[in-house]
Amino acid sequence: MRTDTPQPVRLADYRPFPFAIETTRLVFDLHPTATKVTAELAIRRVGDATEPLVLDGERLKLLSIAIDGQALGANQFVVDAEHLTIAEVPDRFVLTTEVEIDPSSNKALTGLYMSGGRFCTQCEAEGFRTITYFPDRPDVLSRYTVRIEADRKFPHLLSNGNPGAFGQVGETRHFLEWTDPFPKPCYLFALVAGDLDVLADKFITMSGREVALRILVDPGQASRAAYALDSLKRAMKWDEDTFGREYDLDLFAIVAVRDFNFGAMENKGLNIFNSALLLADPETATDLDYERIEAVVAHEYFHNWTGNRITCRDWFQLCLKEGFTVFRDQSFSADQRGAAVQRIKDVRALRARQFAEDAGPLAHPVRPSSYLKIDNFYTATIYEKGAEIIRMLKTILGDAAFRKGSDLYFDRHDGQATTVEAFIACFAEASGRDLTAFFDWYEQAGTPSVTIDTDYDAAAKALTLTLTQSTAPTPGQPNKKPLPIPVAIGLLSAEGEVLRDTEIVLLDQARQTVRWEGVTSAPVLSALRGFSAPVNLTTDARASDRYVLFAADPDLFNRWEAGQTLARDLILARAAGTPDEVGEERYADALGRALVDDAAEPAFKALLLALPSEPDLALMSDPADPAALHEARDTLRTRIAVHLGDLLRRLHGEMQSEGEFSASAEAAGRRALRNACIEILAADPRDDNLMRIVGHFEASRNMTDMIGALYPLVSIGGVAREKALANFHFAWRAEPLVLDKWFAVQGRDPNEDALERVIALTSYPDFEPTNPNRLRALVATFANFNPARFHDPSGAGYRFLADQILAVDAFNPTTAARLVDPLGGWRRYKPELGQQMREQLERIKAHPGLSRNVLELVAKALD
Ligand code: ARG
Ligand code: ZN
C-alpha cells in the first residue's frame, strides 16, 4: 500500500550486497493461519566494514532474533515496514530469526499462501521477503536446507533439491528435510504442502544419470498431467540436443495450483504451475491449451539453465533469462509443431501485445533503466521482444557461431548472477564480431519502421533497393539511433516463380541502397521473410504484388502476411467509409484458391482464414474507431462466408475425423481449419449454416470442437446463444478450468447486450474474483478482445473495468495492475472515447490506498 511518493529503483544505482549468505537453513512450522518460519543464515561480510546489515521483510511478525545464539536487545536492531536493519554485525556470524506469517489470509498470491487447501509459494520477483527476513535480490546466492513440518493431513511436503530425513512429530504432525546443492537466489525458493496425486516417470540424461520426474496435482487429476509429462521429457531431450544442456538434480517436480498470478514458475527442481497450463485431456482442454502446456512446460524447464544455473544480477537484467528462455521455447515448439505455423502464431502474439505496448505510454526498452514495481515489468517487451533480439542475433551470426556463443556463456557464467552485457560479450567473442551497435536493441524502446523502395532497370536487369529506418520517440527517449536490422529478402517473378533466393540484408544505417544484378524480369519483392526483425515494414508493393505472394511465396510467413495485409487494407478502407467492393471479391477468390491448395497444411489454411483481429486493426488506424472497425471486419467476414460458402461447408465436412483423438499438430491443424470454417460461416447464419454449427456443437467429443462451435453460436445471439451457454454450463459446472472458458466466451460476445451481461456475470456465484484465472477469463477477455463492446460510447465499459481494477487492487495488486493495459492506449482512440478512458484512469489514480503496482501504470498512462 502507498505510504508516501514512491521512489523508483534505478539500474545506475546498482551496488553489490555487502554480505554473502553462505548457507540458509529454513524451518517451516506450517499452520494455515499462523506459520512459524525460522531462518538461520550463515553470513560473511564481503563489503565495507562500516556497512550495516539490511534485510528485506514485509508483513512479518518478528518473534525472536539472535546473532551466534545470543538474542539481540531491542536497541541492537530496527524493524520498519520493509526492512530489518542491524547497524553493527561481526564479519562472520549466524543470524537466526523467527517470524510468524498468515498464509490463509494471503490473497495477493505472492509469498506463502493457500490454494485449494494446500500451501504453496510464489517468490519471483519479491515474494520471499513476505516469508522471512532476507536480502531479497537475485544476486545473493545461497545454499539452502529446508525442514518442513506440518499436520499429517498435508501428506506431501516439497521444497527445492533432493529429499532427505523425514519422520513423525507427535501424534498428528510429520516433517521432511530438503537439500538443494546448487546455490540460488531466494526468488527460486519454493515450498508446497498438501494432499496431491502424483504422476511419476523417469528420464535418463545424456550422461546416463537417472532423474525422477513427478507431476503433482489435485487428487483424481493425475491422468490429466500425462501431456505435460510427455512435453517435459521431450523438452529435456531437446535441450540436450540443441543447447547441450543436461538436467542436474535427481528429481524434477512440477506442482499444479488453481490460484496463481502468472503462468508458471521455474523454482529450482520444483516448478509451480497455474493448473490451466498443466492439466489437459481431450474432453476438457483445447488444442490451444495443449500447445501452451507444451510451450510453458518447456519454458520453465529451460530456465534451469537460463535463469537458475545462470541468473540475473538485478531485475533490470530480466530479459537475460526471459527473452532467451522464450526464444528457446519458441524454437522447441517450432521443432515439435512446424516452423512456419509456429512463427506466424508467435508474430501474431508479438504484434498484438508487444507492438501495442511499444506504441503506447508504457513503451520501455528490453532492458529498462528504472521501475517502481518490478512486477509491472514482466511485459511482452521483456519476454517477446527479448526473444526476437536473440532470434536476430542467431540470424546475424549464423547457427554455428550462435551455438559457440551460447556454449561459452553457459561455461563462463555457470553459478553466477550476471548481466546482458556479459551475455552479448560471449557471442561477440565466439563469433569475432563487434556487437556494440547490436546492444542498442536492448536499450532503445519503440518499434522501428522500415521502408523499402524498389527500382527495376529492365535493360540492365538490375534491381536497386532503397531501405530506410526510423523509430518514433517513446517516453523518455526523444531521439533514436538506427539499429542493425536483419532484413531477409527474396524475389519472385510476376508469375510467382522464384527469381532470387532469400538473402539477409543488414540494414544498420538510417538509409541504405543495395543493387542486385542479374534480375531477369520485373520482380515482386518478398521482404522481411519469416519476420526476420521486429519492425513495421512498408514497401512500394501494389495489391497485385501481394496477390502474387499470397498465391506463391515459398516463404509461408510472407504468404500469410500478404493475405493479412490485403484483408487489413480492405477492412480499413471500409471502416474509413471508402469500401473497395471489387477488391473484396478479388480477395475472397484468392482466399478460396489458397484453401484448395493440396500442398498447404490445414493448420496453415486455418491461419489464412483468420482475419486480422479487431485490436490489431485498432493499432493500425489513427484514431481508432472500434465500432467502425468491428462493422467493417464483420462485413468482410460475411462476404467471404457468402462467396466461399460451398467451399467452407465442404472443407468443414472433409476435416472431420472419425477416429481416436490425437493431440498431434496434424490432427490439431485439421480441427483448427474445421473451426475456422464455421467461425466464418457464422457470419451468414442462414438455416443450413446454423444447423451445421449446432450439429458441430452437439456432436463434439472434445473441447476444441465444442469451443469452436460455442463462440459462433454465442456470436449469432438469440436462442442459439442461450441454449449453447446453458448446455455448456450444465455439462461443465464442476470443472473450474472449463468454466473459465464459459466465462471467456461471454467476455468476447459481440452482441449489443454483451456489456450488460458481462456485468451481470460478475455477481454469479461461479465468479470468484480472488482467482486470477476466473477474473481474467471474464474481465481481461472482455477489455482486451471485445473492443466493440468495451469501447461502448457511453463509457460504461471503461467504468466497469476501473471498478474491477479497484476492487481487485485491494487484495491482489499484481493481478489488478495487469488489467490496466486496455485503458492505457487512450490517446490512440477517437477523442470522445479517449477522453472517457482518461477520466477512468484519473479516477483510479485518485483512489485512496492504491497499490504502487497500479499507481505506476496509471501514472505512466496519464503522463
Ligand atoms: N519467471 C516466470 C516465468 O516466466 C514468471 C514469473 C512472474 N513473476 C512476476 N512477478 N511477474 O517463467
Ligand atoms: Zn520465464
# chains A, B, ... in the order shown; residues from 1 in each chain; ligands from 1
$ select_by_dssp --residues "range 350-597 of chain A" --states "helix (DSSP H, G or I)" --output "compact mmCIF listing (two decimals) with N, CA and C atoms, in the first residue's frame"
# COMPACT_ATOMS: atom_id res chain seq x y z
N LEU A 350 3.26 -11.35 -30.85
CA LEU A 350 4.21 -10.25 -30.67
C LEU A 350 3.57 -8.92 -31.07
N ARG A 351 2.94 -8.91 -32.23
CA ARG A 351 2.33 -7.66 -32.69
C ARG A 351 1.18 -7.24 -31.80
N ALA A 352 0.36 -8.21 -31.42
CA ALA A 352 -0.82 -7.85 -30.64
C ALA A 352 -0.42 -7.29 -29.29
N ARG A 353 0.61 -7.86 -28.66
CA ARG A 353 0.93 -7.44 -27.31
C ARG A 353 2.11 -6.48 -27.27
N GLN A 354 3.21 -6.86 -27.93
CA GLN A 354 4.40 -6.05 -27.78
C GLN A 354 4.38 -4.79 -28.64
N PHE A 355 3.95 -4.91 -29.88
CA PHE A 355 3.91 -3.71 -30.72
C PHE A 355 2.95 -2.69 -30.11
N ALA A 356 1.85 -3.19 -29.54
CA ALA A 356 0.90 -2.28 -28.90
C ALA A 356 1.57 -1.58 -27.72
N GLU A 357 2.31 -2.34 -26.93
CA GLU A 357 2.99 -1.76 -25.77
C GLU A 357 4.02 -0.71 -26.23
N ASP A 358 4.78 -1.06 -27.25
CA ASP A 358 5.83 -0.18 -27.75
C ASP A 358 5.27 1.10 -28.36
N ILE A 374 8.80 -4.00 -9.80
CA ILE A 374 9.35 -4.89 -10.83
C ILE A 374 8.26 -5.79 -11.42
N ASP A 375 7.25 -6.12 -10.65
CA ASP A 375 6.18 -7.00 -11.18
C ASP A 375 5.54 -6.43 -12.43
N ASN A 376 5.55 -5.10 -12.57
CA ASN A 376 4.98 -4.48 -13.76
C ASN A 376 5.87 -4.66 -14.99
N PHE A 377 7.08 -5.16 -14.81
CA PHE A 377 7.99 -5.28 -15.94
C PHE A 377 8.10 -6.69 -16.50
N ALA A 380 5.44 -7.97 -22.33
CA ALA A 380 5.68 -8.52 -23.67
C ALA A 380 6.99 -8.00 -24.23
N THR A 381 7.39 -6.80 -23.84
CA THR A 381 8.66 -6.26 -24.34
C THR A 381 9.83 -7.08 -23.80
N ILE A 382 9.85 -7.30 -22.47
CA ILE A 382 10.94 -8.09 -21.89
C ILE A 382 10.94 -9.51 -22.45
N TYR A 383 9.78 -10.12 -22.51
CA TYR A 383 9.69 -11.53 -22.93
C TYR A 383 9.78 -11.67 -24.45
N GLU A 384 8.79 -11.13 -25.15
CA GLU A 384 8.68 -11.42 -26.58
C GLU A 384 9.68 -10.62 -27.42
N LYS A 385 9.83 -9.34 -27.12
CA LYS A 385 10.84 -8.61 -27.90
C LYS A 385 12.23 -9.12 -27.49
N GLY A 386 12.37 -9.46 -26.21
CA GLY A 386 13.64 -10.05 -25.76
C GLY A 386 13.98 -11.30 -26.57
N ALA A 387 12.97 -12.10 -26.87
CA ALA A 387 13.20 -13.31 -27.68
C ALA A 387 13.55 -12.95 -29.12
N GLU A 388 12.90 -11.92 -29.65
CA GLU A 388 13.18 -11.50 -31.02
C GLU A 388 14.63 -11.05 -31.17
N ILE A 389 15.15 -10.41 -30.13
CA ILE A 389 16.55 -9.96 -30.20
C ILE A 389 17.49 -11.16 -30.32
N ILE A 390 17.22 -12.20 -29.54
CA ILE A 390 18.06 -13.40 -29.62
C ILE A 390 17.94 -14.04 -31.01
N ARG A 391 16.72 -14.03 -31.53
CA ARG A 391 16.50 -14.61 -32.85
C ARG A 391 17.30 -13.85 -33.92
N MET A 392 17.31 -12.50 -33.80
CA MET A 392 18.10 -11.72 -34.77
C MET A 392 19.58 -12.00 -34.61
N LEU A 393 20.00 -12.16 -33.35
CA LEU A 393 21.42 -12.46 -33.08
C LEU A 393 21.81 -13.74 -33.81
N LYS A 394 20.94 -14.74 -33.71
CA LYS A 394 21.23 -16.01 -34.38
C LYS A 394 21.23 -15.84 -35.90
N THR A 395 20.30 -15.05 -36.42
CA THR A 395 20.25 -14.80 -37.86
C THR A 395 21.53 -14.11 -38.33
N ILE A 396 21.97 -13.13 -37.56
CA ILE A 396 23.15 -12.36 -37.97
C ILE A 396 24.43 -13.19 -37.86
N LEU A 397 24.55 -13.98 -36.78
CA LEU A 397 25.79 -14.73 -36.57
C LEU A 397 25.83 -16.05 -37.32
N ASP A 399 24.06 -20.19 -37.43
CA ASP A 399 23.79 -21.22 -36.41
C ASP A 399 25.04 -21.62 -35.63
N ALA A 400 26.14 -21.82 -36.34
CA ALA A 400 27.33 -22.37 -35.67
C ALA A 400 27.92 -21.37 -34.67
N ALA A 401 28.06 -20.11 -35.09
CA ALA A 401 28.63 -19.11 -34.19
C ALA A 401 27.68 -18.84 -33.02
N PHE A 402 26.39 -18.92 -33.29
CA PHE A 402 25.42 -18.72 -32.21
C PHE A 402 25.59 -19.81 -31.15
N ARG A 403 25.73 -21.05 -31.59
CA ARG A 403 25.89 -22.15 -30.63
C ARG A 403 27.22 -22.01 -29.88
N LYS A 404 28.25 -21.58 -30.58
CA LYS A 404 29.55 -21.37 -29.91
C LYS A 404 29.40 -20.32 -28.81
N GLY A 405 28.66 -19.28 -29.13
CA GLY A 405 28.43 -18.21 -28.16
C GLY A 405 27.64 -18.69 -26.95
N SER A 406 26.61 -19.48 -27.18
CA SER A 406 25.81 -19.94 -26.04
C SER A 406 26.62 -20.93 -25.20
N ASP A 407 27.42 -21.77 -25.85
CA ASP A 407 28.29 -22.69 -25.08
C ASP A 407 29.23 -21.89 -24.17
N LEU A 408 29.79 -20.85 -24.75
CA LEU A 408 30.73 -20.03 -23.97
C LEU A 408 30.01 -19.40 -22.78
N TYR A 409 28.80 -18.91 -23.03
CA TYR A 409 28.01 -18.28 -21.96
C TYR A 409 27.75 -19.27 -20.82
N PHE A 410 27.29 -20.47 -21.17
CA PHE A 410 26.98 -21.46 -20.12
C PHE A 410 28.24 -21.85 -19.36
N ASP A 411 29.32 -21.91 -20.07
CA ASP A 411 30.56 -22.33 -19.46
C ASP A 411 31.12 -21.23 -18.54
N ARG A 412 31.13 -20.04 -19.04
CA ARG A 412 31.78 -18.95 -18.33
C ARG A 412 30.98 -18.45 -17.14
N HIS A 413 29.66 -18.45 -17.25
CA HIS A 413 28.86 -17.80 -16.21
C HIS A 413 28.07 -18.75 -15.32
N VAL A 420 23.23 -8.60 -19.13
CA VAL A 420 23.04 -8.73 -20.57
C VAL A 420 24.35 -8.42 -21.30
N GLU A 421 25.13 -7.47 -20.78
CA GLU A 421 26.44 -7.17 -21.40
C GLU A 421 27.32 -8.41 -21.45
N ALA A 422 27.37 -9.12 -20.31
CA ALA A 422 28.23 -10.31 -20.23
C ALA A 422 27.75 -11.38 -21.21
N PHE A 423 26.44 -11.45 -21.37
CA PHE A 423 25.86 -12.43 -22.30
C PHE A 423 26.27 -12.10 -23.73
N ILE A 424 26.06 -10.85 -24.14
CA ILE A 424 26.39 -10.45 -25.52
C ILE A 424 27.89 -10.56 -25.78
N ALA A 425 28.69 -10.28 -24.74
CA ALA A 425 30.15 -10.39 -24.90
C ALA A 425 30.55 -11.81 -25.30
N CYS A 426 29.84 -12.81 -24.81
CA CYS A 426 30.18 -14.20 -25.17
C CYS A 426 29.97 -14.44 -26.66
N PHE A 427 28.90 -13.85 -27.22
CA PHE A 427 28.63 -14.04 -28.64
C PHE A 427 29.61 -13.24 -29.50
N ALA A 428 29.99 -12.07 -29.00
CA ALA A 428 30.97 -11.26 -29.73
C ALA A 428 32.29 -12.02 -29.79
N GLU A 429 32.68 -12.55 -28.63
CA GLU A 429 33.96 -13.26 -28.57
C GLU A 429 33.93 -14.52 -29.42
N ALA A 430 32.86 -15.28 -29.32
CA ALA A 430 32.79 -16.56 -30.04
C ALA A 430 32.74 -16.35 -31.55
N SER A 431 32.16 -15.23 -31.99
CA SER A 431 31.99 -15.02 -33.43
C SER A 431 33.04 -14.09 -34.01
N ASP A 440 22.28 -1.88 -28.81
CA ASP A 440 21.25 -0.83 -28.76
C ASP A 440 19.83 -1.40 -28.79
N TRP A 441 19.67 -2.59 -29.34
CA TRP A 441 18.35 -3.23 -29.33
C TRP A 441 17.83 -3.37 -27.90
N TYR A 442 18.73 -3.52 -26.94
CA TYR A 442 18.31 -3.68 -25.55
C TYR A 442 17.95 -2.37 -24.88
N GLU A 443 18.53 -1.30 -25.40
CA GLU A 443 18.39 -0.03 -24.67
C GLU A 443 17.44 0.95 -25.32
N ARG A 529 11.21 -11.75 -44.76
CA ARG A 529 10.76 -13.15 -44.73
C ARG A 529 10.92 -13.74 -43.34
N GLY A 530 9.96 -14.55 -42.96
CA GLY A 530 9.99 -15.17 -41.64
C GLY A 530 9.93 -14.15 -40.52
N PHE A 531 9.58 -12.93 -40.87
CA PHE A 531 9.59 -11.81 -39.93
C PHE A 531 10.96 -11.75 -39.27
N ALA A 543 -1.21 -3.92 -54.75
CA ALA A 543 -2.06 -5.06 -54.38
C ALA A 543 -1.76 -6.26 -55.27
N SER A 544 -1.48 -6.01 -56.56
CA SER A 544 -1.23 -7.14 -57.46
C SER A 544 0.02 -7.92 -57.02
N ASP A 545 1.03 -7.22 -56.49
CA ASP A 545 2.22 -7.91 -55.97
C ASP A 545 1.82 -8.80 -54.79
N ARG A 546 0.98 -8.26 -53.95
CA ARG A 546 0.58 -9.05 -52.77
C ARG A 546 -0.18 -10.31 -53.18
N TYR A 547 -0.95 -10.20 -54.24
CA TYR A 547 -1.65 -11.41 -54.69
C TYR A 547 -0.67 -12.46 -55.20
N VAL A 548 0.43 -12.00 -55.80
CA VAL A 548 1.45 -12.96 -56.24
C VAL A 548 2.03 -13.67 -55.01
N LEU A 549 2.36 -12.90 -53.98
CA LEU A 549 2.94 -13.50 -52.77
C LEU A 549 1.93 -14.41 -52.08
N PHE A 550 0.69 -13.94 -52.01
CA PHE A 550 -0.36 -14.70 -51.34
C PHE A 550 -0.55 -16.07 -52.00
N ALA A 551 -0.33 -16.10 -53.31
CA ALA A 551 -0.53 -17.37 -54.03
C ALA A 551 0.71 -18.24 -54.02
N ALA A 552 1.90 -17.61 -54.01
CA ALA A 552 3.06 -18.41 -54.39
C ALA A 552 4.32 -18.21 -53.57
N LEU A 556 6.40 -19.22 -46.22
CA LEU A 556 4.99 -19.30 -45.82
C LEU A 556 4.59 -18.15 -44.92
N PHE A 557 5.55 -17.64 -44.15
CA PHE A 557 5.20 -16.49 -43.32
C PHE A 557 4.73 -15.35 -44.21
N ASN A 558 5.51 -15.06 -45.23
CA ASN A 558 5.15 -13.94 -46.10
C ASN A 558 3.91 -14.21 -46.94
N ARG A 559 3.66 -15.48 -47.23
CA ARG A 559 2.43 -15.81 -47.95
C ARG A 559 1.23 -15.42 -47.06
N TRP A 560 1.31 -15.84 -45.81
CA TRP A 560 0.25 -15.48 -44.85
C TRP A 560 0.15 -13.96 -44.67
N GLU A 561 1.34 -13.35 -44.53
CA GLU A 561 1.39 -11.90 -44.31
C GLU A 561 0.74 -11.13 -45.46
N ALA A 562 0.96 -11.61 -46.69
CA ALA A 562 0.37 -10.93 -47.85
C ALA A 562 -1.15 -10.96 -47.74
N GLY A 563 -1.70 -12.10 -47.37
CA GLY A 563 -3.15 -12.22 -47.21
C GLY A 563 -3.67 -11.31 -46.12
N GLN A 564 -2.94 -11.26 -45.01
CA GLN A 564 -3.36 -10.41 -43.89
C GLN A 564 -3.35 -8.94 -44.30
N THR A 565 -2.30 -8.54 -45.03
CA THR A 565 -2.20 -7.14 -45.44
C THR A 565 -3.33 -6.77 -46.38
N LEU A 566 -3.65 -7.67 -47.33
CA LEU A 566 -4.77 -7.41 -48.24
C LEU A 566 -6.06 -7.24 -47.44
N ALA A 567 -6.30 -8.17 -46.51
CA ALA A 567 -7.54 -8.11 -45.73
C ALA A 567 -7.58 -6.85 -44.88
N ARG A 568 -6.45 -6.55 -44.27
CA ARG A 568 -6.39 -5.37 -43.41
C ARG A 568 -6.71 -4.10 -44.19
N ASP A 569 -6.10 -3.95 -45.37
CA ASP A 569 -6.35 -2.74 -46.15
C ASP A 569 -7.81 -2.63 -46.55
N LEU A 570 -8.42 -3.77 -46.88
CA LEU A 570 -9.85 -3.75 -47.26
C LEU A 570 -10.71 -3.34 -46.08
N ILE A 571 -10.39 -3.87 -44.89
CA ILE A 571 -11.20 -3.54 -43.70
C ILE A 571 -11.01 -2.06 -43.34
N LEU A 572 -9.77 -1.61 -43.38
CA LEU A 572 -9.52 -0.21 -43.02
C LEU A 572 -10.21 0.74 -44.01
N ALA A 573 -10.19 0.36 -45.29
CA ALA A 573 -10.85 1.21 -46.29
C ALA A 573 -12.35 1.29 -46.01
N ARG A 574 -12.92 0.14 -45.68
CA ARG A 574 -14.36 0.11 -45.40
C ARG A 574 -14.68 0.90 -44.12
N ALA A 575 -13.84 0.75 -43.11
CA ALA A 575 -14.08 1.47 -41.85
C ALA A 575 -13.97 2.97 -42.07
N GLU A 581 -15.34 -2.75 -53.09
CA GLU A 581 -16.12 -3.97 -53.26
C GLU A 581 -15.44 -4.95 -54.22
N VAL A 582 -14.85 -4.38 -55.28
CA VAL A 582 -14.18 -5.26 -56.25
C VAL A 582 -13.00 -5.96 -55.58
N GLY A 583 -12.26 -5.18 -54.81
CA GLY A 583 -11.12 -5.74 -54.09
C GLY A 583 -11.55 -6.84 -53.13
N GLU A 584 -12.68 -6.66 -52.49
CA GLU A 584 -13.16 -7.67 -51.54
C GLU A 584 -13.48 -8.98 -52.25
N GLU A 585 -14.08 -8.87 -53.43
CA GLU A 585 -14.37 -10.09 -54.21
C GLU A 585 -13.07 -10.78 -54.63
N ARG A 586 -12.14 -9.95 -55.05
CA ARG A 586 -10.88 -10.50 -55.53
C ARG A 586 -10.15 -11.23 -54.39
N TYR A 587 -10.22 -10.61 -53.20
CA TYR A 587 -9.59 -11.22 -52.03
C TYR A 587 -10.25 -12.56 -51.71
N ALA A 588 -11.57 -12.56 -51.71
CA ALA A 588 -12.28 -13.81 -51.40
C ALA A 588 -11.93 -14.90 -52.41
N ASP A 589 -11.81 -14.53 -53.68
CA ASP A 589 -11.41 -15.51 -54.70
C ASP A 589 -10.03 -16.08 -54.41
N ALA A 590 -9.10 -15.19 -54.11
CA ALA A 590 -7.72 -15.63 -53.86
C ALA A 590 -7.67 -16.53 -52.62
N LEU A 591 -8.44 -16.16 -51.62
CA LEU A 591 -8.51 -16.98 -50.40
C LEU A 591 -9.05 -18.37 -50.74
N GLY A 592 -10.07 -18.39 -51.57
CA GLY A 592 -10.63 -19.67 -51.99
C GLY A 592 -9.58 -20.54 -52.67
N ARG A 593 -8.76 -19.93 -53.55
CA ARG A 593 -7.73 -20.71 -54.23
C ARG A 593 -6.70 -21.23 -53.23
N ALA A 594 -6.34 -20.40 -52.23
CA ALA A 594 -5.35 -20.83 -51.23
C ALA A 594 -5.89 -22.01 -50.42
N LEU A 595 -7.20 -22.02 -50.23
CA LEU A 595 -7.79 -23.08 -49.39
C LEU A 595 -7.86 -24.42 -50.09
$ select_by_dssp --residues "range 30-117 of chain A" --states "strand (DSSP E)" --output "ChimeraX atom specification"
/A:35-45,53-56,61-67,70-71,78-79,83-86,92-101,111-115
$ write_last_selection --atoms "C-alpha atoms" --output "compact mmCIF listing (two decimals), in the first residue's frame"
# COMPACT_ATOMS: atom_id res chain seq x y z
CA THR A 35 3.08 -20.41 10.23
CA LYS A 36 6.37 -20.06 12.03
CA VAL A 37 9.48 -19.59 9.90
CA THR A 38 12.91 -19.89 11.45
CA ALA A 39 15.80 -18.76 9.28
CA GLU A 40 19.42 -19.48 10.14
CA LEU A 41 21.71 -17.52 7.83
CA ALA A 42 25.48 -18.07 7.81
CA ILE A 43 26.69 -14.61 6.87
CA ARG A 44 30.11 -13.34 5.85
CA ARG A 45 30.99 -9.73 5.24
CA LEU A 53 23.15 -5.47 7.59
CA VAL A 54 19.86 -4.53 5.92
CA LEU A 55 17.45 -7.36 5.16
CA ASP A 56 14.14 -7.14 3.32
CA LYS A 61 5.74 -10.67 12.83
CA LEU A 62 9.21 -10.95 14.33
CA LEU A 63 9.21 -13.39 17.27
CA SER A 64 12.91 -13.58 18.01
CA ILE A 65 16.30 -12.57 16.66
CA ALA A 66 19.79 -13.72 17.60
CA ILE A 67 23.37 -13.49 16.40
CA GLN A 70 22.73 -14.52 21.52
CA ALA A 71 19.35 -12.82 21.48
CA VAL A 78 15.43 -1.67 13.82
CA VAL A 79 12.37 -3.10 12.12
CA HIS A 83 13.37 -3.82 6.43
CA LEU A 84 15.26 -5.28 9.33
CA THR A 85 18.44 -3.30 9.99
CA ILE A 86 21.29 -4.31 12.29
CA ARG A 92 31.23 -13.75 10.12
CA PHE A 93 28.18 -14.82 12.06
CA VAL A 94 24.98 -16.79 12.12
CA LEU A 95 21.80 -14.76 12.21
CA THR A 96 18.70 -16.55 13.46
CA THR A 97 15.28 -15.00 13.07
CA GLU A 98 11.92 -16.42 13.91
CA VAL A 99 8.81 -14.89 12.32
CA GLU A 100 5.12 -15.64 12.11
CA ILE A 101 3.02 -15.28 8.96
CA GLY A 111 4.96 -15.34 -0.85
CA LEU A 112 3.42 -18.27 1.05
CA TYR A 113 -0.32 -18.72 0.51
CA MET A 114 -3.03 -21.34 0.39
CA SER A 115 -4.70 -22.58 -2.77
$ residues_near_ligand --ligand "ligand 2" --cutoff "12 Å" --atoms "only C-alpha atoms and all ligand atoms" --output "VMD selection string"
chain A and resid 124 to 125 188 262 to 267 271 273 295 to 308 311 318 to 329 378 to 380 382 to 384 386 to 387
$ residues_around --residues "Gly708 in chain A" --least-positions-apart "5" --cutoff "9 Å" --atoms "only C-alpha atoms" --output "MDAnalysis selection string"
chainID A and resid 671:672 674:676 678:679 696:697 703
$ write_last_selection --atoms "N, CA and C atoms" --output "mmCIF file, in the first residue's frame"
data_model
loop_
_atom_site.group_PDB
_atom_site.id
_atom_site.type_symbol
_atom_site.label_atom_id
_atom_site.label_comp_id
_atom_site.auth_asym_id
_atom_site.auth_seq_id
_atom_site.Cartn_x
_atom_site.Cartn_y
_atom_site.Cartn_z
ATOM 1 N N ARG A 671 -8.534 -29.832 -36.933
ATOM 2 C CA ARG A 671 -9.605 -29.259 -36.095
ATOM 3 C C ARG A 671 -9.627 -27.735 -36.212
ATOM 4 N N ALA A 672 -8.438 -27.145 -36.286
ATOM 5 C CA ALA A 672 -8.368 -25.677 -36.380
ATOM 6 C C ALA A 672 -9.029 -25.200 -37.670
ATOM 7 N N ARG A 674 -11.302 -26.761 -39.426
ATOM 8 C CA ARG A 674 -12.735 -27.027 -39.344
ATOM 9 C C ARG A 674 -13.418 -25.907 -38.546
ATOM 10 N N ASN A 675 -12.796 -25.535 -37.427
ATOM 11 C CA ASN A 675 -13.375 -24.463 -36.607
ATOM 12 C C ASN A 675 -13.322 -23.118 -37.320
ATOM 13 N N ALA A 676 -12.238 -22.882 -38.052
ATOM 14 C CA ALA A 676 -12.127 -21.612 -38.776
ATOM 15 C C ALA A 676 -13.244 -21.497 -39.808
ATOM 16 N N ILE A 678 -16.343 -22.769 -39.617
ATOM 17 C CA ILE A 678 -17.645 -22.383 -39.050
ATOM 18 C C ILE A 678 -17.610 -20.984 -38.439
ATOM 19 N N GLU A 679 -16.446 -20.563 -38.013
ATOM 20 C CA GLU A 679 -16.383 -19.194 -37.493
ATOM 21 C C GLU A 679 -16.745 -18.197 -38.588
ATOM 22 N N HIS A 696 -22.348 -29.366 -35.169
ATOM 23 C CA HIS A 696 -20.940 -29.438 -34.775
ATOM 24 C C HIS A 696 -20.827 -29.400 -33.239
ATOM 25 N N PHE A 697 -21.566 -28.477 -32.647
ATOM 26 C CA PHE A 697 -21.540 -28.333 -31.183
ATOM 27 C C PHE A 697 -22.048 -29.610 -30.513
ATOM 28 N N MET A 703 -12.972 -30.761 -26.417
ATOM 29 C CA MET A 703 -13.220 -29.358 -26.072
ATOM 30 C C MET A 703 -12.885 -28.415 -27.237
#
$ residues_around --residues "Thr638 in chain A" --least-positions-apart "6" --cutoff "10 Å" --atoms "only C-alpha atoms" --output "VMD selection string"
chain A and resid 632 644 to 645 680 to 685
$ write_last_selection --atoms "N, CA and C atoms" --output "mmCIF file, in the first residue's frame"
data_model
loop_
_atom_site.group_PDB
_atom_site.id
_atom_site.type_symbol
_atom_site.label_atom_id
_atom_site.label_comp_id
_atom_site.auth_asym_id
_atom_site.auth_seq_id
_atom_site.Cartn_x
_atom_site.Cartn_y
_atom_site.Cartn_z
ATOM 1 N N ALA A 632 -16.801 -3.156 -40.149
ATOM 2 C CA ALA A 632 -16.117 -3.386 -41.419
ATOM 3 C C ALA A 632 -15.556 -4.806 -41.486
ATOM 4 N N LEU A 644 -17.609 -17.864 -50.410
ATOM 5 C CA LEU A 644 -16.932 -19.162 -50.344
ATOM 6 C C LEU A 644 -17.760 -20.206 -49.600
ATOM 7 N N GLY A 645 -19.076 -19.929 -49.451
ATOM 8 C CA GLY A 645 -19.922 -20.811 -48.634
ATOM 9 C C GLY A 645 -19.768 -22.289 -48.963
ATOM 10 N N ILE A 680 -16.279 -18.465 -39.808
ATOM 11 C CA ILE A 680 -16.652 -17.593 -40.930
ATOM 12 C C ILE A 680 -18.123 -17.799 -41.308
ATOM 13 N N LEU A 681 -18.530 -19.058 -41.382
ATOM 14 C CA LEU A 681 -19.912 -19.335 -41.804
ATOM 15 C C LEU A 681 -20.939 -18.704 -40.855
ATOM 16 N N ALA A 682 -20.554 -18.539 -39.597
ATOM 17 C CA ALA A 682 -21.478 -17.936 -38.626
ATOM 18 C C ALA A 682 -21.848 -16.505 -39.021
ATOM 19 N N ALA A 683 -21.027 -15.889 -39.882
ATOM 20 C CA ALA A 683 -21.334 -14.531 -40.321
ATOM 21 C C ALA A 683 -22.497 -14.531 -41.318
ATOM 22 N N ASP A 684 -22.875 -15.709 -41.801
ATOM 23 C CA ASP A 684 -24.002 -15.841 -42.731
ATOM 24 C C ASP A 684 -24.937 -16.906 -42.148
ATOM 25 N N PRO A 685 -25.685 -16.533 -41.093
ATOM 26 C CA PRO A 685 -26.394 -17.581 -40.341
ATOM 27 C C PRO A 685 -27.689 -18.035 -41.003
#
$ decode --residues "range 26-30 of chain A" --atoms "C-alpha atoms" --output "compact mmCIF listing (two decimals), in the first residue's frame"
# COMPACT_ATOMS: atom_id res chain seq x y z
CA LEU A 26 14.81 -22.63 6.90
CA VAL A 27 12.46 -24.38 9.29
CA PHE A 28 8.78 -24.13 8.46
CA ASP A 29 6.25 -24.97 11.11
CA LEU A 30 3.19 -24.85 8.88
